[in-house]
file query31.txt (compact mmCIF, C-alpha atoms and all ligand atoms)
# COMPACT_ATOMS: atom_id res chain seq x y z
CA MET A 28 48.99 -17.71 2.40
CA ASN A 29 49.52 -20.58 4.77
CA ASP A 30 51.79 -23.39 3.69
CA GLN A 31 49.77 -26.62 4.10
CA ASN A 32 52.96 -28.50 4.94
CA ASN A 33 53.39 -26.54 8.15
CA VAL A 34 51.70 -27.68 11.35
CA LEU A 35 52.94 -24.57 13.14
CA GLU A 36 53.92 -21.15 11.84
CA PHE A 37 55.30 -18.59 14.27
CA LYS A 38 55.27 -15.09 12.79
CA ASP A 39 57.22 -12.56 14.85
CA VAL A 40 55.85 -14.10 18.04
CA ARG A 41 56.56 -12.22 21.25
CA LYS A 42 55.77 -13.23 24.78
CA ILE A 43 56.35 -10.51 27.31
CA TYR A 44 56.01 -11.11 31.04
CA ARG A 45 55.52 -7.98 33.12
CA MET A 46 56.71 -8.23 36.70
CA GLY A 47 56.13 -4.85 38.33
CA ASP A 48 58.35 -2.44 36.40
CA GLU A 49 60.32 -5.19 34.77
CA GLU A 50 59.56 -6.65 31.35
CA ILE A 51 60.87 -10.06 30.41
CA ASN A 52 60.95 -10.86 26.71
CA ALA A 53 60.55 -14.61 27.04
CA LEU A 54 59.95 -14.80 23.26
CA ASP A 55 61.47 -11.93 21.34
CA GLY A 56 60.11 -12.05 17.79
CA VAL A 57 60.28 -15.74 16.91
CA ASN A 58 59.83 -16.78 13.28
CA LEU A 59 59.63 -20.52 12.89
CA ASN A 60 57.90 -23.11 10.72
CA ILE A 61 57.37 -26.67 11.88
CA LYS A 62 56.68 -29.05 9.00
CA ASN A 63 54.11 -31.78 9.12
CA GLY A 64 55.85 -35.07 10.03
CA SER A 65 59.03 -33.43 11.32
CA PHE A 66 60.95 -34.32 14.50
CA THR A 67 62.59 -31.25 16.04
CA SER A 68 64.59 -30.67 19.20
CA ILE A 69 64.97 -27.28 20.89
CA MET A 70 68.11 -26.64 22.90
CA GLY A 71 69.51 -23.63 24.69
CA PRO A 72 70.45 -22.30 28.12
CA SER A 73 68.08 -22.06 31.06
CA GLY A 74 65.74 -19.08 30.67
CA SER A 75 66.20 -18.81 26.89
CA GLY A 76 62.47 -19.33 26.25
CA LYS A 77 62.26 -23.01 25.31
CA SER A 78 59.32 -23.89 27.57
CA THR A 79 57.55 -20.66 26.68
CA LEU A 80 57.85 -21.55 22.98
CA LEU A 81 56.39 -24.99 23.64
CA HIS A 82 53.52 -23.59 25.74
CA VAL A 83 52.64 -21.12 22.98
CA ALA A 84 52.89 -23.90 20.37
CA GLY A 85 50.41 -25.96 22.40
CA ILE A 86 48.06 -23.01 23.01
CA LEU A 87 48.57 -23.39 26.73
CA ASP A 88 49.65 -19.75 26.52
CA MET A 89 48.92 -16.97 24.00
CA PRO A 90 51.50 -14.70 22.35
CA THR A 91 51.61 -11.10 23.60
CA GLN A 92 52.28 -10.01 20.00
CA GLY A 93 52.64 -11.71 16.65
CA THR A 94 50.75 -14.59 15.12
CA LEU A 95 50.75 -18.32 15.60
CA LEU A 96 49.12 -20.48 12.95
CA LEU A 97 48.22 -24.01 13.99
CA ASN A 98 47.27 -26.17 11.00
CA GLY A 99 46.86 -22.88 9.16
CA LYS A 100 44.49 -21.39 11.70
CA ASP A 101 45.35 -18.21 13.59
CA THR A 102 45.17 -19.34 17.22
CA SER A 103 44.10 -15.88 18.39
CA THR A 104 40.78 -16.38 16.56
CA LEU A 105 39.95 -19.55 18.52
CA SER A 106 37.50 -19.31 21.41
CA GLY A 107 38.46 -20.82 24.76
CA LYS A 108 36.30 -23.82 23.93
CA GLU A 109 37.90 -24.29 20.52
CA GLN A 110 41.36 -24.02 22.07
CA ALA A 111 40.51 -26.72 24.60
CA LYS A 112 39.14 -28.95 21.84
CA PHE A 113 42.27 -28.45 19.77
CA ARG A 114 44.51 -29.28 22.71
CA ARG A 115 42.55 -32.39 23.49
CA SER A 116 42.21 -33.77 19.99
CA GLU A 117 45.30 -32.62 18.13
CA ILE A 118 48.07 -32.19 20.70
CA GLY A 119 49.74 -34.58 23.14
CA PHE A 120 51.85 -33.14 25.95
CA VAL A 121 54.71 -34.90 27.71
CA PHE A 122 56.40 -33.24 30.68
CA GLN A 123 59.70 -33.66 32.51
CA ARG A 124 58.02 -34.67 35.77
CA PHE A 125 55.51 -36.98 34.08
CA ASN A 126 52.48 -35.15 35.61
CA LEU A 127 50.58 -38.35 36.36
CA LEU A 128 47.78 -38.19 38.92
CA PRO A 129 49.15 -40.05 41.96
CA GLN A 130 45.84 -41.51 43.15
CA LEU A 131 44.96 -43.00 39.75
CA SER A 132 46.23 -46.28 38.33
CA THR A 133 48.32 -46.49 35.17
CA LEU A 134 45.25 -47.41 33.14
CA GLU A 135 43.12 -44.63 34.67
CA ASN A 136 45.81 -42.05 33.98
CA VAL A 137 45.88 -43.02 30.30
CA LEU A 138 42.07 -42.94 30.08
CA LEU A 139 41.86 -39.47 31.65
CA PRO A 140 41.96 -37.33 28.44
CA MET A 141 39.34 -39.46 26.66
CA ILE A 142 35.85 -38.06 26.34
CA LYS A 143 34.49 -41.58 25.85
CA PRO A 144 36.81 -43.87 27.83
CA ASP A 145 38.00 -46.86 25.82
CA PRO A 146 40.00 -49.18 28.12
CA ASP A 147 40.91 -51.54 25.26
CA LYS A 148 42.63 -48.74 23.40
CA ALA A 149 44.42 -47.59 26.55
CA LYS A 150 45.63 -51.15 27.19
CA GLU A 151 46.80 -51.47 23.61
CA LEU A 152 48.93 -48.33 24.01
CA LEU A 153 50.27 -49.45 27.39
CA ASP A 154 51.19 -52.83 25.86
CA LYS A 155 53.06 -51.03 23.11
CA MET A 156 55.02 -49.17 25.80
CA GLY A 157 55.93 -52.50 27.44
CA LEU A 158 53.59 -51.91 30.39
CA ASN A 159 51.16 -54.82 29.92
CA LYS A 160 51.70 -55.99 33.51
CA LYS A 161 51.32 -52.54 35.07
CA TYR A 162 47.69 -51.54 34.38
CA LYS A 163 46.73 -51.41 38.06
CA LYS A 164 49.92 -49.92 39.51
CA LEU A 165 49.93 -46.41 40.96
CA PRO A 166 52.54 -43.96 39.63
CA ASN A 167 54.66 -44.25 42.81
CA GLN A 168 54.88 -48.00 42.22
CA LEU A 169 56.58 -47.41 38.86
CA SER A 170 60.12 -46.43 37.91
CA GLY A 171 60.78 -43.04 36.33
CA GLY A 172 61.14 -44.59 32.87
CA GLU A 173 57.87 -46.48 33.30
CA GLN A 174 56.06 -43.34 34.47
CA GLN A 175 57.29 -41.49 31.42
CA ARG A 176 56.05 -44.32 29.17
CA VAL A 177 52.62 -44.03 30.86
CA SER A 178 52.63 -40.30 30.18
CA ILE A 179 53.49 -40.94 26.52
CA ALA A 180 50.60 -43.43 26.29
CA ARG A 181 48.36 -40.75 27.81
CA ALA A 182 49.63 -38.18 25.32
CA LEU A 183 48.77 -40.55 22.45
CA ILE A 184 45.33 -41.68 23.55
CA ASN A 185 43.39 -39.22 21.36
CA ASN A 186 45.59 -39.80 18.27
CA PRO A 187 47.20 -36.34 18.24
CA SER A 188 48.94 -35.10 15.11
CA LEU A 189 51.44 -33.15 17.23
CA ILE A 190 53.43 -34.14 20.33
CA LEU A 191 55.08 -31.47 22.47
CA ALA A 192 57.53 -32.76 25.04
CA ASP A 193 59.34 -30.52 27.55
CA GLU A 194 62.52 -32.29 28.69
CA PRO A 195 60.93 -35.75 28.47
CA THR A 196 64.20 -37.41 29.48
CA GLY A 197 65.24 -34.80 32.05
CA GLU A 198 64.61 -37.05 35.05
CA LEU A 199 65.80 -40.29 33.48
CA ASP A 200 69.10 -42.16 33.38
CA SER A 201 70.74 -42.58 29.99
CA LYS A 202 69.30 -46.05 29.34
CA ASN A 203 65.71 -44.96 30.01
CA ALA A 204 66.31 -41.74 28.11
CA GLU A 205 67.25 -43.82 25.09
CA VAL A 206 64.12 -45.97 25.42
CA ILE A 207 61.90 -42.88 25.54
CA MET A 208 63.67 -41.27 22.57
CA SER A 209 63.36 -44.51 20.55
CA ILE A 210 59.63 -44.60 21.25
CA LEU A 211 59.25 -41.00 20.07
CA GLN A 212 61.39 -41.65 17.00
CA ASP A 213 59.25 -44.67 16.13
CA LEU A 214 56.05 -42.62 16.46
CA ASN A 215 57.51 -39.99 14.16
CA LYS A 216 58.90 -42.33 11.52
CA ASN A 217 56.18 -44.99 11.45
CA GLU A 218 53.04 -43.06 12.35
CA GLY A 219 53.90 -39.65 10.99
CA VAL A 220 53.34 -37.80 14.26
CA THR A 221 54.99 -34.38 14.29
CA ILE A 222 57.15 -34.05 17.42
CA ILE A 223 58.91 -31.17 19.14
CA ILE A 224 61.03 -31.83 22.19
CA VAL A 225 62.90 -29.46 24.47
CA THR A 226 66.06 -31.04 25.80
CA HIS A 227 69.38 -30.26 27.47
CA ASN A 228 70.70 -33.64 26.43
CA PRO A 229 72.71 -33.76 23.16
CA LEU A 230 72.22 -37.54 23.01
CA ALA A 231 68.44 -37.07 23.03
CA ALA A 232 68.74 -34.38 20.35
CA GLU A 233 70.58 -36.87 18.14
CA PHE A 234 67.38 -38.87 17.77
CA THR A 235 65.69 -35.88 16.13
CA ASP A 236 66.03 -34.70 12.54
CA GLU A 237 66.63 -31.05 13.29
CA THR A 238 67.90 -29.07 16.27
CA ILE A 239 66.95 -25.46 16.95
CA GLU A 240 69.13 -23.36 19.26
CA MET A 241 67.55 -20.65 21.40
CA ARG A 242 69.16 -17.68 23.17
CA ASP A 243 67.41 -14.82 24.96
CA GLY A 244 63.97 -15.53 23.53
CA ASN A 245 65.03 -16.05 19.98
CA ILE A 246 66.24 -18.71 17.60
CA ILE A 247 69.89 -18.43 16.71
CA GLY A 248 70.28 -21.48 14.52
N1 LIG B 1 54.95 -17.13 34.22
C1 LIG B 1 56.05 -16.36 34.12
N2 LIG B 1 56.10 -15.14 34.67
C2 LIG B 1 57.19 -14.37 34.55
N3 LIG B 1 58.31 -14.72 33.89
C3 LIG B 1 58.33 -15.93 33.32
C4 LIG B 1 57.21 -16.82 33.40
N4 LIG B 1 57.52 -17.96 32.72
C5 LIG B 1 58.77 -17.79 32.27
N5 LIG B 1 59.26 -16.58 32.61
C6 LIG B 1 60.57 -16.03 32.23
O1 LIG B 1 60.70 -16.11 30.82
C7 LIG B 1 62.02 -16.51 30.46
C8 LIG B 1 61.95 -17.79 29.65
O2 LIG B 1 61.50 -18.85 30.48
P1 LIG B 1 61.36 -20.36 29.99
O3 LIG B 1 60.69 -21.12 31.07
O4 LIG B 1 60.72 -20.37 28.66
O5 LIG B 1 62.90 -20.81 29.86
P2 LIG B 1 63.51 -22.23 29.47
O6 LIG B 1 64.38 -22.02 28.29
O7 LIG B 1 62.44 -23.25 29.38
O8 LIG B 1 64.44 -22.54 30.73
P3 LIG B 1 64.78 -23.94 31.47
O9 LIG B 1 65.83 -24.60 30.62
O10 LIG B 1 65.35 -23.51 32.79
O11 LIG B 1 63.53 -24.72 31.60
C9 LIG B 1 62.81 -16.62 31.76
O12 LIG B 1 63.48 -15.41 31.98
C10 LIG B 1 61.73 -16.83 32.81
O13 LIG B 1 62.15 -16.34 34.05
MG MG B 2 61.95 -24.97 30.51

call {"tool": "encode", "arguments": {"input": "query31.txt", "output": "structure tokens"}}
result
Amino acid sequence: MNDQNNVLEFKDVRKIYRMGDEEINALDGVNLNIKNGSFTSIMGPSGSGKSTLLHVAGILDMPTQGTLLLNGKDTSTLSGKEQAKFRRSEIGFVFQRFNLLPQLSTLENVLLPMIKPDPDKAKELLDKMGLNKKYKKLPNQLSGGEQQRVSIARALINNPSLILADEPTGELDSKNAEVIMSILQDLNKNEGVTIIIVTHNPLAAEFTDETIEMRDGNIIG
């Protein structure tokens, strides 16, 4: 039944937040397939459900109703342990505010998701991001663009097949935004990593192959 070419299949996925008497349909019956090796951007107004979609895609959050298949597997059948393993080994997350640990060095931040720390591999990734002179710096000693490159290196350390990035250029000037988007594009084109980014920036969306528009918890185009 599952199409092997799809990394993600959303089938009528709903996410309902209950706040007292109020119900918020953050996702309102989403049907969406994400193909292996694709590079997709998600755009739409604030509150339209973009982050919720990304959180569900990365099994940081479960649908209230509907089904999400990840590599053909129904995520609702995964135990907590299996979910954590999936997140660690298959998915890399990049966030708007970088989410680096402030007391750890660049190198230590990149090593953090590794079960068996491999500093050589972390250095190799940091070098690729142009950060070969910054191994020992703390996050607050780096520029925003540099911090985001560290967080991309961290997202890549376990060779994920899927990268989920929520407004990865949201805090960056246009030059650094372009650098980050070029890095993601290169990962997609040359290493076949499937990437989904949420963005408000049309210039960032231009780096992707397909743009999905969201409104009120659903995809409109
Ligand atoms: N934990 C939560 N509890 C209750 N409501 C929530 C929660 N998270 C999100 N929502 C609501 O769900 C809807 C979708 O939120 P979401 O964060 O996905 O929007 P978004 O498109 O990412 O917006 P933005 O562009 O501002 O980041 C909004 O109405 C929001 O208020
Ligand atoms: Mg958001």

call {"tool": "closest_atom_pairs", "arguments": {"input": "query31.txt", "of": "chain A", "to": "ligand MG 2 (chain B)", "cutoff": "10 Å", "atoms": "all atoms listed in the file", "output": "JSON lines"}}
result
{"residue": "A:Met70", "atom": "CA", "partner": "B:MG2", "partner_atom": "MG", "distance": 9.9}
{"residue": "A:Gly71", "atom": "CA", "partner": "B:MG2", "partner_atom": "MG", "distance": 9.6}
{"residue": "A:Pro72", "atom": "CA", "partner": "B:MG2", "partner_atom": "MG", "distance": 9.2}
{"residue": "A:Ser73", "atom": "CA", "partner": "B:MG2", "partner_atom": "MG", "distance": 6.8}
{"residue": "A:Gly74", "atom": "CA", "partner": "B:MG2", "partner_atom": "MG", "distance": 7.0}
{"residue": "A:Ser75", "atom": "CA", "partner": "B:MG2", "partner_atom": "MG", "distance": 8.3}
{"residue": "A:Gly76", "atom": "CA", "partner": "B:MG2", "partner_atom": "MG", "distance": 7.1}
{"residue": "A:Lys77", "atom": "CA", "partner": "B:MG2", "partner_atom": "MG", "distance": 5.6}
{"residue": "A:Ser78", "atom": "CA", "partner": "B:MG2", "partner_atom": "MG", "distance": 4.1}
{"residue": "A:Thr79", "atom": "CA", "partner": "B:MG2", "partner_atom": "MG", "distance": 7.3}
{"residue": "A:Leu80", "atom": "CA", "partner": "B:MG2", "partner_atom": "MG", "distance": 9.2}
{"residue": "A:Leu81", "atom": "CA", "partner": "B:MG2", "partner_atom": "MG", "distance": 8.8}
{"residue": "A:His82", "atom": "CA", "partner": "B:MG2", "partner_atom": "MG", "distance": 9.8}
{"residue": "A:Phe122", "atom": "CA", "partner": "B:MG2", "partner_atom": "MG", "distance": 10.0}
{"residue": "A:Gln123", "atom": "CA", "partner": "B:MG2", "partner_atom": "MG", "distance": 9.2}
{"residue": "A:Asp193", "atom": "CA", "partner": "B:MG2", "partner_atom": "MG", "distance": 6.8}
{"residue": "A:Glu194", "atom": "CA", "partner": "B:MG2", "partner_atom": "MG", "distance": 7.6}
{"residue": "A:Val225", "atom": "CA", "partner": "B:MG2", "partner_atom": "MG", "distance": 7.6}
{"residue": "A:Thr226", "atom": "CA", "partner": "B:MG2", "partner_atom": "MG", "distance": 8.7}
{"residue": "A:His227", "atom": "CA", "partner": "B:MG2", "partner_atom": "MG", "distance": 9.6}

call {"tool": "atom_distance", "arguments": {"input": "query31.txt", "atom1": "atom CA of A:Leu158", "atom2": "atom CA of A:Ile179"}}
result
11.6 Å

call {"tool": "axis_aligned_box", "arguments": {"input": "query31.txt", "around": "stretch 77-88 of chain A", "padding_each_side": "8 Å", "output": "JSON"}}
result
{"center_x": 55.2, "center_y": -22.9, "center_z": 24.0, "size_x": 30.2, "size_y": 22.2, "size_z": 23.2}

call {"tool": "residues_around", "arguments": {"input": "query31.txt", "residues": "stretch 41-43 of chain A", "least_positions_apart": "5", "cutoff": "6 Å", "atoms": "only C-alpha atoms", "output": "number ranges by chain"}}
result
A: 51-56, 90-92

call {"tool": "atom_distance", "arguments": {"input": "query31.txt", "atom1": "atom CA of A:Leu183", "atom2": "atom CA of A:Asn33"}}
result
20.5 Å

call {"tool": "closest_residue", "arguments": {"input": "query31.txt", "among": "A:Lys100, A:Lys38, A:Arg45, A:Lys163", "to": "ligand LIG 1 (chain B)", "atoms": "all atoms listed in the file"}}
result
A:Arg45

call {"tool": "atom_distance", "arguments": {"input": "query31.txt", "atom1": "atom CA of A:Pro187", "atom2": "atom CA of A:Ile118"}}
result
4.9 Å

call {"tool": "residues_around", "arguments": {"input": "query31.txt", "residues": "stretch 127-132 of chain A", "least_positions_apart": "3", "cutoff": "6 Å", "atoms": "only C-alpha atoms", "output": "mmCIF file with C-alpha atoms, in the frame of the given file"}}
result
data_model
loop_
_atom_site.group_PDB
_atom_site.id
_atom_site.type_symbol
_atom_site.label_atom_id
_atom_site.label_comp_id
_atom_site.auth_asym_id
_atom_site.auth_seq_id
_atom_site.Cartn_x
_atom_site.Cartn_y
_atom_site.Cartn_z
ATOM 1 C CA GLU A 135 43.120 -44.630 34.670
ATOM 2 C CA ASN A 136 45.810 -42.050 33.980
ATOM 3 C CA LYS A 163 46.730 -51.410 38.060
ATOM 4 C CA LYS A 164 49.920 -49.920 39.510
ATOM 5 C CA LEU A 165 49.930 -46.410 40.960
ATOM 6 C CA PRO A 166 52.540 -43.960 39.630
#

call {"tool": "residues_around", "arguments": {"input": "query31.txt", "residues": "stretch 229-235 of chain A", "least_positions_apart": "6", "cutoff": "12 Å", "atoms": "all atoms listed in the file", "output": "PyMOL selection string"}}
result
chain A and resi 64-71+192+194-197+199-216+221-223

call {"tool": "closest_residue", "arguments": {"input": "query31.txt", "among": "A:Gly93, A:Gly119, A:Gly47, A:Gly157", "to": "ligand LIG 1 (chain B)", "atoms": "only C-alpha atoms and all ligand atoms"}}
result
A:Gly47

call {"tool": "closest_residue", "arguments": {"input": "query31.txt", "among": "A:Val34, A:Ala84, A:Ile184, A:Met156", "to": "ligand LIG 1 (chain B)", "atoms": "all atoms listed in the file"}}
result
A:Ala84

call {"tool": "closest_residue", "arguments": {"input": "query31.txt", "among": "A:Leu105, A:Val40, A:Leu96, A:Met46", "to": "ligand LIG 1 (chain B)", "atoms": "only C-alpha atoms and all ligand atoms"}}
result
A:Met46

call {"tool": "closest_residue", "arguments": {"input": "query31.txt", "among": "A:Met89, A:Ala180, A:Leu139, A:Leu35", "to": "ligand LIG 1 (chain B)", "atoms": "only C-alpha atoms and all ligand atoms"}}
result
A:Met89

call {"tool": "closest_residue", "arguments": {"input": "query31.txt", "among": "A:Asn60, A:Thr94, A:Asn245, A:Gln175", "to": "ligand LIG 1 (chain B)", "atoms": "all atoms listed in the file"}}
result
A:Asn245

call {"tool": "residues_around", "arguments": {"input": "query31.txt", "residues": "A:Leu134", "least_positions_apart": "3", "cutoff": "8 Å", "atoms": "all atoms listed in the file", "output": "MDAnalysis selection string"}}
result
chainID A and resid 131 137:138 146 149:150 153 162:163
